[in-house]
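Have a look at the structure below, then the notes.
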Amino acid sequence: MSVSLKELTQEQIDDLSMIELGSLILKEKNKAIPFQDLFSQIAELKNLSEEQKENLIAQFYTDMNVDGRYLTLGSGVWGLKSWYSVEQGEEEITEEPKKRKKKKKAAVEDTEDIHDDLDITDEDIDDMLDDFDDDVEDADLEEIEDEVDDVIGKDDLDELDYDNEDDR
């Protein structure tokens with residue numbers, strides 16, 4: 001026995017839960033509709049004030065998610081599970097949003113650049129080490145040693161006796 005909304009009295013509508021009303025609305029429309037539209041129609045039927053709407057909208061949304069009769073089709077559109085086969089519902093739910101191609105191309109180019117940077121051979125490493133060794137001359141090492149000597153007040157680092165507390 002299916003009840004039409006037009007046949008219901010205001011008292012009967014007031015006695016129905018929002019979930020029951022939502023189900024009746026969807027059955028009469030016989031198509032999925034956006035959540036906001038469904039909630040607005042329920043609020044209108046129940047003569048809800050703005051404050052009541054604000055207080056009840058989250059609970060209604062939660063109830064729809066929990067109730068086994070409803071199915072979200074993405075983008076805020078809801079229908080009744082009984083309308084859809086399992087495969088059809090899954091296809092509509094898992095429909096991926098369109099991706100921007102420009103960003104994808106940029107991401108691919110960035111990835112390629114990273115891979116190019118990571119293509120370092122042992123020969124490349126040997127060349128870098130040779131370049132580094134060429135940069136550090138013996139004169140540079142002597143200069144560094146002299147600076148260290150000035151800081152610690154020793155003529156030669158080799159003179160440090162770590163067993164002697166004065167040299168620490």
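Chain labels run A, B, ... following the order of the structure tokens; each chain numbers its residues from 1, and ligands are numbered from 1 in the order shown.
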Return as a PDB file with all heavy atoms, in the first residue's frame the full set of residues in stretch 6-93 of chain A whose backbone-based DSSP assignment is strand (DSSP E or B).
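Saved file states25.pdb follows:
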```
ATOM      1  N   ILE A  33      17.092  13.418  -6.583  1.00  0.00           N
ATOM      2  CA  ILE A  33      17.099  14.890  -6.522  1.00  0.00           C
ATOM      3  C   ILE A  33      18.181  15.348  -5.549  1.00  0.00           C
ATOM      4  O   ILE A  33      18.608  14.595  -4.669  1.00  0.00           O
ATOM      5  CB  ILE A  33      15.721  15.469  -6.121  1.00  0.00           C
ATOM      6  CG1 ILE A  33      15.296  14.991  -4.726  1.00  0.00           C
ATOM      7  CG2 ILE A  33      14.671  15.128  -7.143  1.00  0.00           C
ATOM      8  CD1 ILE A  33      14.018  15.663  -4.226  1.00  0.00           C
ATOM      9  N   PRO A  34      18.618  16.595  -5.696  1.00  0.00           N
ATOM     10  CA  PRO A  34      19.631  17.122  -4.781  1.00  0.00           C
ATOM     11  C   PRO A  34      19.124  17.156  -3.331  1.00  0.00           C
ATOM     12  O   PRO A  34      17.943  17.387  -3.073  1.00  0.00           O
ATOM     13  CB  PRO A  34      19.879  18.550  -5.300  1.00  0.00           C
ATOM     14  CG  PRO A  34      19.442  18.514  -6.728  1.00  0.00           C
ATOM     15  CD  PRO A  34      18.312  17.536  -6.781  1.00  0.00           C
ATOM     16  N   TYR A  70      18.215   4.837   1.208  1.00  0.00           N
ATOM     17  CA  TYR A  70      18.758   5.937   0.406  1.00  0.00           C
ATOM     18  C   TYR A  70      20.117   5.592  -0.186  1.00  0.00           C
ATOM     19  O   TYR A  70      20.887   4.833   0.373  1.00  0.00           O
ATOM     20  CB  TYR A  70      18.894   7.196   1.264  1.00  0.00           C
ATOM     21  CG  TYR A  70      17.562   7.759   1.694  1.00  0.00           C
ATOM     22  CD1 TYR A  70      16.993   7.397   2.918  1.00  0.00           C
ATOM     23  CD2 TYR A  70      16.874   8.644   0.888  1.00  0.00           C
ATOM     24  CE1 TYR A  70      15.769   7.908   3.314  1.00  0.00           C
ATOM     25  CE2 TYR A  70      15.646   9.159   1.276  1.00  0.00           C
ATOM     26  CZ  TYR A  70      15.101   8.790   2.486  1.00  0.00           C
ATOM     27  OH  TYR A  70      13.891   9.299   2.866  1.00  0.00           O
ATOM     28  N   LEU A  71      20.411   6.233  -1.315  1.00  0.00           N
ATOM     29  CA  LEU A  71      21.677   6.059  -2.012  1.00  0.00           C
ATOM     30  C   LEU A  71      22.122   7.413  -2.539  1.00  0.00           C
ATOM     31  O   LEU A  71      21.349   8.108  -3.206  1.00  0.00           O
ATOM     32  CB  LEU A  71      21.504   5.082  -3.183  1.00  0.00           C
ATOM     33  CG  LEU A  71      22.731   4.820  -4.048  1.00  0.00           C
ATOM     34  CD1 LEU A  71      23.767   4.021  -3.257  1.00  0.00           C
ATOM     35  CD2 LEU A  71      22.332   4.060  -5.299  1.00  0.00           C
ATOM     36  N   THR A  72      23.357   7.781  -2.202  1.00  0.00           N
ATOM     37  CA  THR A  72      23.888   9.028  -2.756  1.00  0.00           C
ATOM     38  C   THR A  72      24.522   8.719  -4.108  1.00  0.00           C
ATOM     39  O   THR A  72      25.229   7.731  -4.259  1.00  0.00           O
ATOM     40  CB  THR A  72      24.900   9.699  -1.812  1.00  0.00           C
ATOM     41  OG1 THR A  72      25.379  10.892  -2.433  1.00  0.00           O
ATOM     42  CG2 THR A  72      26.071   8.810  -1.477  1.00  0.00           C
ATOM     43  N   VAL A  77      23.356  14.495  -4.873  1.00  0.00           N
ATOM     44  CA  VAL A  77      22.100  13.970  -5.410  1.00  0.00           C
ATOM     45  C   VAL A  77      21.797  12.633  -4.738  1.00  0.00           C
ATOM     46  O   VAL A  77      22.665  11.773  -4.624  1.00  0.00           O
ATOM     47  CB  VAL A  77      22.177  13.798  -6.943  1.00  0.00           C
ATOM     48  CG1 VAL A  77      20.918  13.169  -7.494  1.00  0.00           C
ATOM     49  CG2 VAL A  77      22.436  15.152  -7.603  1.00  0.00           C
ATOM     50  N   TRP A  78      20.532  12.486  -4.291  1.00  0.00           N
ATOM     51  CA  TRP A  78      20.106  11.281  -3.574  1.00  0.00           C
ATOM     52  C   TRP A  78      18.929  10.627  -4.266  1.00  0.00           C
ATOM     53  O   TRP A  78      18.065  11.291  -4.823  1.00  0.00           O
ATOM     54  CB  TRP A  78      19.697  11.651  -2.149  1.00  0.00           C
ATOM     55  CG  TRP A  78      20.861  12.034  -1.295  1.00  0.00           C
ATOM     56  CD1 TRP A  78      21.519  13.218  -1.278  1.00  0.00           C
ATOM     57  CD2 TRP A  78      21.512  11.211  -0.337  1.00  0.00           C
ATOM     58  NE1 TRP A  78      22.543  13.191  -0.371  1.00  0.00           N
ATOM     59  CE2 TRP A  78      22.561  11.968   0.237  1.00  0.00           C
ATOM     60  CE3 TRP A  78      21.325   9.909   0.115  1.00  0.00           C
ATOM     61  CZ2 TRP A  78      23.402  11.464   1.219  1.00  0.00           C
ATOM     62  CZ3 TRP A  78      22.163   9.412   1.097  1.00  0.00           C
ATOM     63  CH2 TRP A  78      23.192  10.181   1.629  1.00  0.00           C
ATOM     64  N   GLY A  79      18.913   9.303  -4.192  1.00  0.00           N
ATOM     65  CA  GLY A  79      17.803   8.524  -4.725  1.00  0.00           C
ATOM     66  C   GLY A  79      17.512   7.375  -3.775  1.00  0.00           C
ATOM     67  O   GLY A  79      18.065   7.296  -2.681  1.00  0.00           O
ATOM     68  N   LEU A  80      16.651   6.497  -4.207  1.00  0.00           N
ATOM     69  CA  LEU A  80      16.312   5.315  -3.414  1.00  0.00           C
ATOM     70  C   LEU A  80      17.094   4.119  -3.946  1.00  0.00           C
ATOM     71  O   LEU A  80      17.172   3.909  -5.170  1.00  0.00           O
ATOM     72  CB  LEU A  80      14.809   5.041  -3.473  1.00  0.00           C
ATOM     73  CG  LEU A  80      13.928   6.110  -2.825  1.00  0.00           C
ATOM     74  CD1 LEU A  80      12.447   5.803  -3.073  1.00  0.00           C
ATOM     75  CD2 LEU A  80      14.210   6.214  -1.325  1.00  0.00           C
TER      76      LEU A  80
END
```
**Message:** What's around stretch 8-16 of chain A at 9 Å? Count only C-alpha atoms, leave out sequence neighbours fewer than 6 positions away in its own chain, and write the answer as number ranges by chain.
**Reply:** A: 45-47
Output file for the residues above (all heavy atoms, as a short mmCIF file (atom, residue, chain, number, x, y, z; two decimals), in the first residue's frame):
```cif
data_model
loop_
_atom_site.label_atom_id
_atom_site.label_comp_id
_atom_site.auth_asym_id
_atom_site.auth_seq_id
_atom_site.Cartn_x
_atom_site.Cartn_y
_atom_site.Cartn_z
N LEU A 45 6.67 20.90 3.84
CA LEU A 45 5.54 20.04 4.23
C LEU A 45 5.31 20.05 5.74
O LEU A 45 4.18 20.01 6.21
CB LEU A 45 5.78 18.59 3.77
CG LEU A 45 5.61 18.32 2.29
CD1 LEU A 45 6.14 16.94 1.93
CD2 LEU A 45 4.15 18.45 1.88
N LYS A 46 6.42 20.13 6.50
CA LYS A 46 6.31 20.11 7.96
C LYS A 46 6.19 21.51 8.55
O LYS A 46 6.14 21.66 9.76
CB LYS A 46 7.53 19.39 8.56
CG LYS A 46 7.48 17.88 8.37
CD LYS A 46 8.59 17.24 9.17
CE LYS A 46 8.28 15.85 9.62
NZ LYS A 46 7.30 15.69 10.64
N ASN A 47 6.18 22.52 7.70
CA ASN A 47 6.09 23.92 8.14
C ASN A 47 7.18 24.28 9.17
O ASN A 47 6.91 24.89 10.20
CB ASN A 47 4.71 24.23 8.74
CG ASN A 47 3.61 24.07 7.72
OD1 ASN A 47 3.74 24.54 6.58
ND2 ASN A 47 2.54 23.40 8.10
#
```
**Request:** Could you check which of A:Asp122, A:Ser75, A:Val148, A:Ser49 is closest to A:Gln36, using only C-alpha atoms?
**Result:** A:Ser75
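Every protein, DNA or RNA residue with an atom at most 8 Å from A:Met18, where only C-alpha atoms count and chain neighbours fewer than 2 positions away do not, is listed here: A:Leu16, A:Glu20, A:Leu21, A:Gly22, A:Ile42, A:Phe60.
Distance-wise, atom CA of A:Gly74 and atom CA of A:Gln41 end up 19.9 Å apart.
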**Item:** DSSP helix (DSSP H, G or I) residues within stretch 41-75 of chain A, as JSON, numbers by chain
**Value:** {"A": [41, 42, 43, 44, 45, 50, 51, 52, 53, 54, 55, 56, 57, 58, 59, 60, 61, 62, 63, 64, 65, 66]}
**Item:** Near-A:Tyr61 list (9 Å; only C-alpha atoms; drop same-chain fewer than 4 positions) as a ChimeraX atom specification
**Value:** /A:35,39,56-57,65-66
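Our summary of the geometry notes that atom CA of A:Glu54 is positioned 25.3 Å from atom CA of A:Lys27.
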